[in-house]
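Engineer: Here you go, protein.pdb (PDB, C-alpha atoms):
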MODEL        1
ATOM      1  CA  MET A   1     112.530 115.228 106.565
ATOM      2  CA  ILE A   2     115.564 114.216 108.612
ATOM      3  CA  GLU A   3     118.759 115.649 107.110
ATOM      4  CA  ILE A   4     122.020 113.806 107.736
ATOM      5  CA  CYS A   5     125.596 114.778 106.981
ATOM      6  CA  PHE A   6     129.063 113.493 107.823
ATOM      7  CA  ASP A   7     131.093 116.645 107.132
ATOM      8  CA  ASP A   8     132.532 118.417 110.198
ATOM      9  CA  SER A   9     132.646 121.787 108.460
ATOM     10  CA  TRP A  10     128.851 121.969 108.441
ATOM     11  CA  LEU A  11     128.801 122.307 112.205
ATOM     12  CA  ASN A  12     129.717 125.979 111.971
ATOM     13  CA  ASP A  13     127.451 126.847 109.044
ATOM     14  CA  ILE A  14     124.985 129.273 110.603
ATOM     15  CA  GLY A  15     123.204 129.578 107.269
ATOM     16  CA  TRP A  16     122.040 125.975 107.306
ATOM     17  CA  THR A  17     118.251 126.110 107.340
ATOM     18  CA  PHE A  18     117.112 122.501 107.097
ATOM     19  CA  ASP A  19     115.784 121.025 110.320
ATOM     20  CA  PRO A  20     116.424 118.658 111.959
ATOM     21  CA  VAL A  21     120.023 118.069 110.855
ATOM     22  CA  ILE A  22     121.828 115.089 112.333
ATOM     23  CA  HIS A  23     125.597 115.304 112.147
ATOM     24  CA  PHE A  24     127.961 112.414 112.776
ATOM     25  CA  SER A  25     131.597 113.261 113.492
ATOM     26  CA  CYS A  26     133.009 109.799 112.961
ATOM     27  CA  GLY A  27     135.855 109.820 110.435
ATOM     28  CA  PHE A  28     135.044 106.217 109.510
ATOM     29  CA  SER A  29     137.614 106.198 106.698
ATOM     30  CA  VAL A  30     140.439 106.032 109.267
ATOM     31  CA  GLY A  31     141.203 103.497 111.963
ATOM     32  CA  ASP A  32     139.251 100.806 113.798
ATOM     33  CA  ILE A  33     135.656 100.341 112.607
ATOM     34  CA  SER A  34     134.883  97.150 114.510
ATOM     35  CA  GLU A  35     132.292  98.894 116.701
ATOM     36  CA  ASP A  36     128.680  98.765 115.546
ATOM     37  CA  ILE A  37     127.985 102.210 117.018
ATOM     38  CA  PRO A  38     130.768 104.785 117.589
ATOM     39  CA  GLY A  39     132.260 104.028 120.992
ATOM     40  CA  PRO A  40     135.617 104.252 122.787
ATOM     41  CA  ALA A  41     137.627 103.015 119.786
ATOM     42  CA  ARG A  42     136.059 105.561 117.444
ATOM     43  CA  TYR A  43     136.442 108.349 119.988
ATOM     44  CA  ALA A  44     140.148 107.514 120.264
ATOM     45  CA  VAL A  45     140.539 107.803 116.483
ATOM     46  CA  VAL A  46     138.740 111.157 116.413
ATOM     47  CA  CYS A  47     141.002 112.479 119.184
ATOM     48  CA  ARG A  48     144.045 111.214 117.322
ATOM     49  CA  LEU A  49     143.023 112.962 114.124
ATOM     50  CA  LEU A  50     142.228 116.183 115.936
ATOM     51  CA  ARG A  51     145.486 115.869 117.896
ATOM     52  CA  GLN A  52     143.704 116.431 121.176
ATOM     53  CA  PRO A  53     143.934 114.445 124.424
ATOM     54  CA  ALA A  54     141.169 112.011 125.293
ATOM     55  CA  ASP A  55     138.817 113.084 128.038
ATOM     56  CA  PRO A  56     136.646 110.479 129.846
ATOM     57  CA  ASN A  57     133.705 112.860 130.227
ATOM     58  CA  GLU A  58     133.899 113.980 126.631
ATOM     59  CA  MET A  59     134.171 110.366 125.484
ATOM     60  CA  GLN A  60     131.009 109.427 127.363
ATOM     61  CA  GLN A  61     129.195 112.384 125.851
ATOM     62  CA  TYR A  62     130.401 111.427 122.371
ATOM     63  CA  ILE A  63     129.231 107.825 122.780
ATOM     64  CA  GLU A  64     125.846 108.816 124.178
ATOM     65  CA  GLU A  65     125.289 111.462 121.497
ATOM     66  CA  SER A  66     126.137 109.042 118.687
ATOM     67  CA  ALA A  67     123.793 106.392 120.073
ATOM     68  CA  LYS A  68     121.009 108.937 120.641
ATOM     69  CA  ASN A  69     121.269 110.336 117.113
ATOM     70  CA  LEU A  70     121.252 106.900 115.529
ATOM     71  CA  ASP A  71     118.290 105.792 117.659
ATOM     72  CA  PHE A  72     116.397 108.946 116.666
ATOM     73  CA  ILE A  73     116.985 108.279 112.962
ATOM     74  CA  LEU A  74     115.957 104.628 113.189
ATOM     75  CA  THR A  75     112.899 105.341 115.315
ATOM     76  CA  GLN A  76     111.698 108.124 113.034
ATOM     77  CA  SER A  77     112.389 106.108 109.900
ATOM     78  CA  ALA A  78     110.455 103.137 111.268
ATOM     79  CA  ALA A  79     107.571 105.538 111.875
ATOM     80  CA  GLY A  80     107.654 106.592 108.203
ATOM     81  CA  ALA A  81     109.728 109.779 108.379
ATOM     82  CA  PRO A  82     111.837 110.390 105.255
ATOM     83  CA  VAL A  83     115.620 110.441 105.664
ATOM     84  CA  ARG A  84     117.892 112.395 103.340
ATOM     85  CA  VAL A  85     121.684 112.084 103.337
ATOM     86  CA  TRP A  86     124.012 114.721 101.898
ATOM     87  CA  CYS A  87     127.093 112.920 100.625
ATOM     88  CA  SER A  88     130.208 113.553  98.552
ATOM     89  CA  ASP A  89     132.888 111.243  97.167
ATOM     90  CA  ARG A  90     135.163 111.877 100.145
ATOM     91  CA  PRO A  91     136.024 108.540 101.778
ATOM     92  CA  GLY A  92     134.833 109.652 105.210
ATOM     93  CA  GLU A  93     131.409 110.669 103.900
ATOM     94  CA  VAL A  94     131.028 107.549 101.766
ATOM     95  CA  CYS A  95     131.923 105.427 104.793
ATOM     96  CA  GLY A  96     129.368 107.294 106.872
ATOM     97  CA  PHE A  97     126.713 106.704 104.233
ATOM     98  CA  TYR A  98     127.449 102.981 104.027
ATOM     99  CA  TRP A  99     127.458 102.698 107.815
ATOM    100  CA  LEU A 100     124.065 104.394 108.021
ATOM    101  CA  MET A 101     122.620 102.240 105.239
ATOM    102  CA  GLU A 102     123.715  99.137 107.153
ATOM    103  CA  HIS A 103     121.719 100.278 110.175
ATOM    104  CA  LEU A 104     118.676 101.364 108.176
ATOM    105  CA  SER A 105     118.661  98.056 106.302
ATOM    106  CA  ARG A 106     117.956  96.300 109.598
ATOM    107  CA  LEU A 107     114.529  97.946 109.632
ATOM    108  CA  ALA A 108     113.700  95.917 106.520
ATOM    109  CA  GLU A 109     110.221  96.720 105.193
ATOM    110  CA  SER A 110     109.470  99.099 108.060
ATOM    111  CA  CYS A 111     112.193 101.493 106.859
ATOM    112  CA  GLY A 112     110.784 104.811 105.682
ATOM    113  CA  PRO A 113     111.822 106.493 102.431
ATOM    114  CA  VAL A 114     115.554 107.194 102.143
ATOM    115  CA  SER A 115     117.152 109.549  99.657
ATOM    116  CA  MET A 116     120.527 111.114  99.006
ATOM    117  CA  ILE A 117     121.998 114.177  97.373
ATOM    118  CA  GLN A 118     125.397 113.478  95.865
ATOM    119  CA  LEU A 119     127.714 116.449  95.421
ATOM    120  CA  PRO A 120     128.412 116.676  91.668
ATOM    121  CA  LYS A 121     131.970 116.004  90.534
ATOM    122  CA  ASP A 122     131.877 119.203  88.456
ATOM    123  CA  ALA A 123     130.851 121.485  91.341
ATOM    124  CA  LEU A 124     133.243 124.439  91.171
ATOM    125  CA  GLU A 125     133.755 127.825  92.735
ATOM    126  CA  GLU A 126     134.058 130.831  90.444
ATOM    127  CA  ASP A 127     137.860 130.652  90.639
ATOM    128  CA  GLY A 128     137.829 127.026  89.514
ATOM    129  CA  THR A 129     138.354 125.461  92.943
ATOM    130  CA  VAL A 130     136.761 122.009  93.106
ATOM    131  CA  LEU A 131     134.001 121.723  95.709
ATOM    132  CA  ASP A 132     134.698 118.207  96.915
ATOM    133  CA  THR A 133     132.652 118.330 100.113
ATOM    134  CA  TRP A 134     129.333 119.919 101.067
ATOM    135  CA  GLY A 135     131.094 122.014 103.675
ATOM    136  CA  MET A 136     132.665 124.026 100.847
ATOM    137  CA  VAL A 137     129.290 124.886  99.306
ATOM    138  CA  ASP A 138     127.876 128.244 100.338
ATOM    139  CA  SER A 139     124.733 127.765 102.421
ATOM    140  CA  SER A 140     122.823 130.127 100.129
ATOM    141  CA  ASP A 141     123.431 127.697  97.241
ATOM    142  CA  LEU A 142     122.279 124.491  98.959
ATOM    143  CA  LEU A 143     118.686 124.804  97.772
ATOM    144  CA  ASN A 144     119.946 124.760  94.177
ATOM    145  CA  TYR A 145     121.082 121.173  94.683
ATOM    146  CA  LEU A 146     117.714 119.819  95.829
ATOM    147  CA  PRO A 147     116.759 118.744  92.269
ATOM    148  CA  LEU A 148     119.649 116.248  92.477
ATOM    149  CA  GLU A 149     117.917 114.305  95.235
ATOM    150  CA  ARG A 150     117.358 110.663  94.329
ATOM    151  CA  PRO A 151     115.832 107.764  96.214
ATOM    152  CA  VAL A 152     117.994 105.049  97.734
ATOM    153  CA  SER A 153     116.513 101.785  96.521
ATOM    154  CA  PRO A 154     116.301  98.742  98.802
ATOM    155  CA  ARG A 155     118.724  96.980  96.484
ATOM    156  CA  TYR A 156     121.320  99.748  96.752
ATOM    157  CA  MET A 157     120.818  99.967 100.504
ATOM    158  CA  LYS A 158     121.531  96.244 100.783
ATOM    159  CA  PHE A 159     124.618  96.627  98.597
ATOM    160  CA  CYS A 160     125.960  99.376 100.873
ATOM    161  CA  ALA A 161     125.068  97.396 103.997
ATOM    162  CA  ASP A 162     126.821  94.248 102.767
ATOM    163  CA  ARG A 163     129.869  96.232 101.709
ATOM    164  CA  TRP A 164     130.118  97.902 105.112
ATOM    165  CA  LYS A 165     129.907  94.529 106.857
ATOM    166  CA  SER A 166     132.833  93.316 104.750
ATOM    167  CA  LEU A 167     134.872  96.438 105.482
ATOM    168  CA  ARG A 168     134.247  96.035 109.210
ATOM    169  CA  LEU A 169     135.521  92.467 109.082
ATOM    170  CA  GLU A 170     138.641  93.587 107.192
ATOM    171  CA  ASN A 171     139.069  96.496 109.650
ATOM    172  CA  ALA A 172     142.006  97.971 107.711
ATOM    173  CA  PRO A 173     143.884 101.139 108.739
ATOM    174  CA  LEU A 174     142.120 103.102 105.966
ATOM    175  CA  ARG A 175     139.121 103.050 103.670
ATOM    176  CA  ALA A 176     139.432 104.771 100.280
ATOM    177  CA  VAL A 177     137.319 105.362  97.180
ATOM    178  CA  ILE A 178     139.213 103.854  94.246
ATOM    179  CA  ASN A 179     137.600 103.717  90.806
ATOM    180  CA  GLY A 180     134.306 104.558  92.465
ATOM    181  CA  ARG A 181     134.475 101.647  94.894
ATOM    182  CA  LEU A 182     134.949 101.882  98.651
ATOM    183  CA  VAL A 183     137.823  99.573  99.592
ATOM    184  CA  SER A 184     140.111  98.789 102.505
ATOM    185  CA  ALA A 185     143.595 100.263 102.201
ATOM    186  CA  PRO A 186     146.969 100.324 103.990
ATOM    187  CA  GLU A 187     147.995 103.399 105.966
ATOM    188  CA  THR A 188     150.721 104.084 103.372
ATOM    189  CA  LEU A 189     148.185 104.651 100.579
ATOM    190  CA  TYR A 190     148.718 108.415 100.277
ATOM    191  CA  ASP A 191     152.409 108.524 101.230
ATOM    192  CA  SER A 192     153.734 108.926  97.684
ATOM    193  CA  TYR A 193     151.749 112.139  97.207
ATOM    194  CA  ILE A 194     152.997 113.500 100.510
ATOM    195  CA  GLN A 195     156.576 112.579  99.660
ATOM    196  CA  GLN A 196     156.316 114.360  96.327
ATOM    197  CA  GLU A 197     155.377 117.587  98.073
ATOM    198  CA  ILE A 198     158.104 117.165 100.684
ATOM    199  CA  LEU A 199     160.629 116.850  97.850
ATOM    200  CA  ARG A 200     159.073 119.727  95.916
ATOM    201  CA  ILE A 201     159.271 122.117  98.883
ATOM    202  CA  GLY A 202     162.505 120.710 100.201
ATOM    203  CA  ASP A 203     161.920 121.751 103.797
ATOM    204  CA  VAL A 204     159.862 119.496 106.033
ATOM    205  CA  SER A 205     159.572 122.263 108.638
ATOM    206  CA  ARG A 206     157.157 123.978 106.236
ATOM    207  CA  LYS A 207     154.548 121.407 107.200
ATOM    208  CA  ALA A 208     151.533 123.688 106.687
ATOM    209  CA  GLU A 209     152.610 124.385 103.107
ATOM    210  CA  ILE A 210     153.161 120.688 102.406
ATOM    211  CA  ILE A 211     149.722 119.825 103.758
ATOM    212  CA  CYS A 212     148.064 122.592 101.734
ATOM    213  CA  ASN A 213     149.793 121.437  98.551
ATOM    214  CA  VAL A 214     148.694 117.831  99.050
ATOM    215  CA  LEU A 215     145.104 118.924  99.654
ATOM    216  CA  VAL A 216     144.953 121.280  96.671
ATOM    217  CA  ARG A 217     147.055 119.458  94.081
ATOM    218  CA  TYR A 218     145.733 115.932  94.448
ATOM    219  CA  GLN A 219     142.146 116.302  95.730
ATOM    220  CA  LEU A 220     142.423 112.977  97.563
ATOM    221  CA  GLY A 221     139.458 113.594  99.825
ATOM    222  CA  ILE A 222     141.515 113.180 102.993
ATOM    223  CA  GLY A 223     141.858 115.584 105.902
ATOM    224  CA  ASP A 224     144.834 117.707 106.911
ATOM    225  CA  GLN A 225     145.081 115.813 110.206
ATOM    226  CA  TRP A 226     145.882 112.535 108.457
ATOM    227  CA  ILE A 227     148.474 114.213 106.220
ATOM    228  CA  ALA A 228     150.158 115.797 109.255
ATOM    229  CA  GLU A 229     150.282 112.413 110.989
ATOM    230  CA  ARG A 230     151.819 110.720 107.972
ATOM    231  CA  ILE A 231     154.433 113.467 107.557
ATOM    232  CA  GLY A 232     155.531 112.798 111.117
ATOM    233  CA  LYS A 233     155.772 109.060 110.527
ATOM    234  CA  LEU A 234     157.610 109.488 107.226
ATOM    235  CA  MET A 235     160.187 111.689 108.910
ATOM    236  CA  ASP A 236     160.726 109.044 111.597
ATOM    237  CA  VAL A 237     161.685 106.430 109.002
TER     238      VAL A 237
ENDMDL
END
The structure in this file should be written as structure tokens.
Structural biologist:
Amino acid sequence: MIEICFDDSWLNDIGWTFDPVIHFSCGFSVGDISEDIPGPARYAVVCRLLRQPADPNEMQQYIEESAKNLDFILTQSAAGAPVRVWCSDRPGEVCGFYWLMEHLSRLAESCGPVSMIQLPKDALEEDGTVLDTWGMVDSSDLLNYLPLERPVSPRYMKFCADRWKSLRLENAPLRAVINGRLVSAPETLYDSYIQQEILRIGDVSRKAEIICNVLVRYQLGIGDQWIAERIGKLMDV
């Protein structure tokens, strides 16, 4: 079984026991998605979100690693190996899933079995905090979610593949999950929520508090990096 995830927080989970685990750090919900395989454009977006300078050597490593991981998945799947994707409703993870389905669909009838485990919408911590990404689930609890595994049918794979092709052509600034559907969106989509918290706190210098409030109050499935970037742009207006 090849396990696949699109959540950065899993990288540091030493309790993760499934093997092999393929992780894609792509952030497909933000920025240019015109590339078939993550390349220079995607690396630039990742650097922007992480607020770190681009490095030519690191970029080459990122591109090669992405291509190698994808080739491994496709080669193993074509040989009959089962693929299982851990996914939540976060836009970045849904985008990653659709992107992967588009590539697997190219294998046609030679594609091995594909399944997914969707994080339940009612997954909660004991204090009532919503677990909206697999990275928030304690590694000791992951096995409890295995009964939720379900096969990805060829029809659903094709649906995801066709949708991703359309999104790539639109190549909007954002992708978002609205009413359960992955759609293109303008970069201003989440600004009203951010502005509400700026007004509530009344001091834009308390950026960390604003970001935390947006994340906790609205459960939008977006990262703190994007919120920080939008705060900066809103203050420049």
Engineer: Please indicate the distance in Å from CA of Asp141 in chain A to CA of Lys121 in chain A, rounded to one decimal place.
Structural biologist: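 For CA of Asp141 in chain A relative to CA of Lys121 in chain A, the distance reads 16.0 Å.
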Engineer: Between A:Ile37, A:Val214, A:Cys160, A:Met116, which is the closest to Pro82 in chain A once you count only C-alpha atoms?
Structural biologist: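 Of A:Ile37, A:Val214, A:Cys160, A:Met116, the one nearest Pro82 in chain A, counting only C-alpha atoms, is A:Met116.
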Engineer: CA of Gly232 in chain A and CA of Ser205 in chain A are how many Å apart?
Structural biologist: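 A separation of 10.6 Å between them.
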Engineer: Please list as a list in words every residue within 9 Å of range 67-73 of chain A, counting all atoms listed in the file and excluding residues in the same chain fewer than 4 positions away.
Structural biologist: Ile2, Ile22, His23, Phe24, Ile37, Pro38, Gly39, Tyr62, Ile63, Ser77, Ala78, Ala81, Val83, Leu100, His103 and Leu104 of chain A
Engineer: Store the residues picked out above in a file with C-alpha atoms, as a PDB file, keeping the file's coordinate frame.
Structural biologist:
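Contents of part34.pdb, freshly written:
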ATOM      1  CA  ILE A   2     115.564 114.216 108.612  1.00  0.00           C
ATOM      2  CA  ILE A  22     121.828 115.089 112.333  1.00  0.00           C
ATOM      3  CA  HIS A  23     125.597 115.304 112.147  1.00  0.00           C
ATOM      4  CA  PHE A  24     127.961 112.414 112.776  1.00  0.00           C
ATOM      5  CA  ILE A  37     127.985 102.210 117.018  1.00  0.00           C
ATOM      6  CA  PRO A  38     130.768 104.785 117.589  1.00  0.00           C
ATOM      7  CA  GLY A  39     132.260 104.028 120.992  1.00  0.00           C
ATOM      8  CA  TYR A  62     130.401 111.427 122.371  1.00  0.00           C
ATOM      9  CA  ILE A  63     129.231 107.825 122.780  1.00  0.00           C
ATOM     10  CA  SER A  77     112.389 106.108 109.900  1.00  0.00           C
ATOM     11  CA  ALA A  78     110.455 103.137 111.268  1.00  0.00           C
ATOM     12  CA  ALA A  81     109.728 109.779 108.379  1.00  0.00           C
ATOM     13  CA  VAL A  83     115.620 110.441 105.664  1.00  0.00           C
ATOM     14  CA  LEU A 100     124.065 104.394 108.021  1.00  0.00           C
ATOM     15  CA  HIS A 103     121.719 100.278 110.175  1.00  0.00           C
ATOM     16  CA  LEU A 104     118.676 101.364 108.176  1.00  0.00           C
TER      17      LEU A 104
END
Engineer: Tell me, as an MDAnalysis selection string, which residues lie within 10 Å of Leu148 in chain A, counting only C-alpha atoms; anything in the same chain fewer than 6 positions away does not count.
Structural biologist: chainID A and resid 116:120
Engineer: The PyMOL selection byres ((chain A and resi 50) around 12) - which residues does that actually catch in the file I just gave you? List them as a list of chain:residue names.
Structural biologist: A:Asp8, A:Ser25, A:Cys26, A:Gly27, A:Tyr43, A:Ala44, A:Val45, A:Val46, A:Cys47, A:Arg48, A:Leu49, A:Arg51, A:Gln52, A:Pro53, A:Ala54, A:Gly223, A:Asp224, A:Gln225, A:Trp226, A:Ile227, A:Ala228, A:Glu229
Engineer: Measuring atom to atom with all atoms listed in the file, identify which of A:Gly112, A:Ile4, A:Tyr145, A:Arg150 is nearest to Gly96 in chain A.
Structural biologist: A:Ile4
Engineer: Please report the interatomic distance between CA of Val114 in chain A and CA of Val94 in chain A in Å with one decimal.
Structural biologist: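 About the pair CA of Val114 in chain A and CA of Val94 in chain A: they are 15.5 Å apart.
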Engineer: For the structure shown, which residues end up in the PyMOL selection byres ((chain A and resi 215) around 12)? Put them as a PDB file with C-alpha atoms, in the frame of the given file, please?
Structural biologist:
ATOM      1  CA  THR A 129     138.354 125.461  92.943  1.00  0.00           C
ATOM      2  CA  VAL A 130     136.761 122.009  93.106  1.00  0.00           C
ATOM      3  CA  ASP A 132     134.698 118.207  96.915  1.00  0.00           C
ATOM      4  CA  TYR A 190     148.718 108.415 100.277  1.00  0.00           C
ATOM      5  CA  TYR A 193     151.749 112.139  97.207  1.00  0.00           C
ATOM      6  CA  ILE A 194     152.997 113.500 100.510  1.00  0.00           C
ATOM      7  CA  GLU A 197     155.377 117.587  98.073  1.00  0.00           C
ATOM      8  CA  ALA A 208     151.533 123.688 106.687  1.00  0.00           C
ATOM      9  CA  GLU A 209     152.610 124.385 103.107  1.00  0.00           C
ATOM     10  CA  ILE A 210     153.161 120.688 102.406  1.00  0.00           C
ATOM     11  CA  ILE A 211     149.722 119.825 103.758  1.00  0.00           C
ATOM     12  CA  CYS A 212     148.064 122.592 101.734  1.00  0.00           C
ATOM     13  CA  ASN A 213     149.793 121.437  98.551  1.00  0.00           C
ATOM     14  CA  VAL A 214     148.694 117.831  99.050  1.00  0.00           C
ATOM     15  CA  VAL A 216     144.953 121.280  96.671  1.00  0.00           C
ATOM     16  CA  ARG A 217     147.055 119.458  94.081  1.00  0.00           C
ATOM     17  CA  TYR A 218     145.733 115.932  94.448  1.00  0.00           C
ATOM     18  CA  GLN A 219     142.146 116.302  95.730  1.00  0.00           C
ATOM     19  CA  LEU A 220     142.423 112.977  97.563  1.00  0.00           C
ATOM     20  CA  GLY A 221     139.458 113.594  99.825  1.00  0.00           C
ATOM     21  CA  ILE A 222     141.515 113.180 102.993  1.00  0.00           C
ATOM     22  CA  GLY A 223     141.858 115.584 105.902  1.00  0.00           C
ATOM     23  CA  ASP A 224     144.834 117.707 106.911  1.00  0.00           C
ATOM     24  CA  GLN A 225     145.081 115.813 110.206  1.00  0.00           C
ATOM     25  CA  TRP A 226     145.882 112.535 108.457  1.00  0.00           C
ATOM     26  CA  ILE A 227     148.474 114.213 106.220  1.00  0.00           C
ATOM     27  CA  ALA A 228     150.158 115.797 109.255  1.00  0.00           C
TER      28      ALA A 228
END
Engineer: Could you state which residues are captured by the PyMOL selection byres ((chain A and resi 173) around 12) in this file, as a PyMOL selection string?
Structural biologist: chain A and resi 27-34+45+167-168+170-172+174-176+183-189+226
Engineer: Which neighbours of Arg163 in chain A fall inside 10 Å, counting only C-alpha atoms, when residues of the same chain fewer than 2 positions from it are skipped, and could you give them as a list in words?
Structural biologist: Cys95, Tyr98, Trp99, Glu102, Met157, Lys158, Phe159, Cys160, Ala161, Lys165, Ser166, Leu167, Arg168, Arg181, Leu182 and Val183 of chain A
Engineer: May I ask which of the residues A:Ser192, A:Thr75, A:Ser88, A:Thr133 is the closest one to Arg106 in chain A, counting all atoms listed in the file?
Structural biologist: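 For Arg106 in chain A, the nearest of the candidates is A:Thr75.
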Engineer: Work out where the centre of an axis-aligned box around every listed atom of range 102-116 of chain A lies and how long its edges are once 6 Å is added on each side; give both in Å to one decimal as AutoDock Vina command-line options.
Structural biologist:
--center_x 116.6 --center_y 103.5 --center_z 104.6 --size_x 26.2 --size_y 27.2 --size_z 23.2
Engineer: With all atoms listed in the file as the atoms that count, which of A:Trp86, A:Trp164, A:Phe6, A:Tyr156 lies nearest to Leu142 in chain A?
Structural biologist: A:Trp86
Engineer: Restricting the calculation to all atoms listed in the file: of A:Met59, A:Met101, A:Ala79, A:Val85, which residue gets closest to Ala41 in chain A?
Structural biologist: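 Looking at the shortest contact to Ala41 in chain A, the residue is A:Met59.
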Engineer: Just checking: using only C-alpha atoms, which residue out of A:Val152, A:Val21, A:Val177, A:Ala108 ends up closest to Asp89 in chain A?
Structural biologist: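 Ranked by minimum distance to Asp89 in chain A, first place goes to A:Val177.
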Engineer: Would you fill out range 151-162 of chain A with N, CA and C atoms and return it as a PDB file, in the frame of the given file?
Structural biologist:
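What landed in rebuild.pdb:
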ATOM      1  N   PRO A 151     116.149 108.770  95.193  1.00  0.00           N
ATOM      2  CA  PRO A 151     115.832 107.764  96.214  1.00  0.00           C
ATOM      3  C   PRO A 151     116.931 106.713  96.315  1.00  0.00           C
ATOM      4  N   VAL A 152     117.091 106.181  97.511  1.00  0.00           N
ATOM      5  CA  VAL A 152     117.994 105.049  97.734  1.00  0.00           C
ATOM      6  C   VAL A 152     117.137 103.790  97.686  1.00  0.00           C
ATOM      7  N   SER A 153     117.338 102.984  96.683  1.00  0.00           N
ATOM      8  CA  SER A 153     116.513 101.785  96.521  1.00  0.00           C
ATOM      9  C   SER A 153     116.893 100.735  97.554  1.00  0.00           C
ATOM     10  N   PRO A 154     115.972  99.836  97.877  1.00  0.00           N
ATOM     11  CA  PRO A 154     116.301  98.742  98.802  1.00  0.00           C
ATOM     12  C   PRO A 154     117.498  97.923  98.323  1.00  0.00           C
ATOM     13  N   ARG A 155     117.600  97.756  97.022  1.00  0.00           N
ATOM     14  CA  ARG A 155     118.724  96.980  96.484  1.00  0.00           C
ATOM     15  C   ARG A 155     120.053  97.683  96.747  1.00  0.00           C
ATOM     16  N   TYR A 156     120.080  99.011  96.524  1.00  0.00           N
ATOM     17  CA  TYR A 156     121.320  99.748  96.752  1.00  0.00           C
ATOM     18  C   TYR A 156     121.635  99.825  98.245  1.00  0.00           C
ATOM     19  N   MET A 157     120.599  99.958  99.059  1.00  0.00           N
ATOM     20  CA  MET A 157     120.818  99.967 100.504  1.00  0.00           C
ATOM     21  C   MET A 157     121.452  98.658 100.952  1.00  0.00           C
ATOM     22  N   LYS A 158     120.972  97.553 100.432  1.00  0.00           N
ATOM     23  CA  LYS A 158     121.531  96.244 100.783  1.00  0.00           C
ATOM     24  C   LYS A 158     122.974  96.136 100.313  1.00  0.00           C
ATOM     25  N   PHE A 159     123.253  96.650  99.113  1.00  0.00           N
ATOM     26  CA  PHE A 159     124.618  96.627  98.597  1.00  0.00           C
ATOM     27  C   PHE A 159     125.557  97.374  99.550  1.00  0.00           C
ATOM     28  N   CYS A 160     125.147  98.573  99.955  1.00  0.00           N
ATOM     29  CA  CYS A 160     125.960  99.376 100.873  1.00  0.00           C
ATOM     30  C   CYS A 160     126.128  98.669 102.222  1.00  0.00           C
ATOM     31  N   ALA A 161     125.032  98.087 102.710  1.00  0.00           N
ATOM     32  CA  ALA A 161     125.068  97.396 103.997  1.00  0.00           C
ATOM     33  C   ALA A 161     126.029  96.209 103.951  1.00  0.00           C
ATOM     34  N   ASP A 162     125.942  95.413 102.890  1.00  0.00           N
ATOM     35  CA  ASP A 162     126.821  94.248 102.767  1.00  0.00           C
ATOM     36  C   ASP A 162     128.281  94.668 102.625  1.00  0.00           C
TER      37      ASP A 162
END
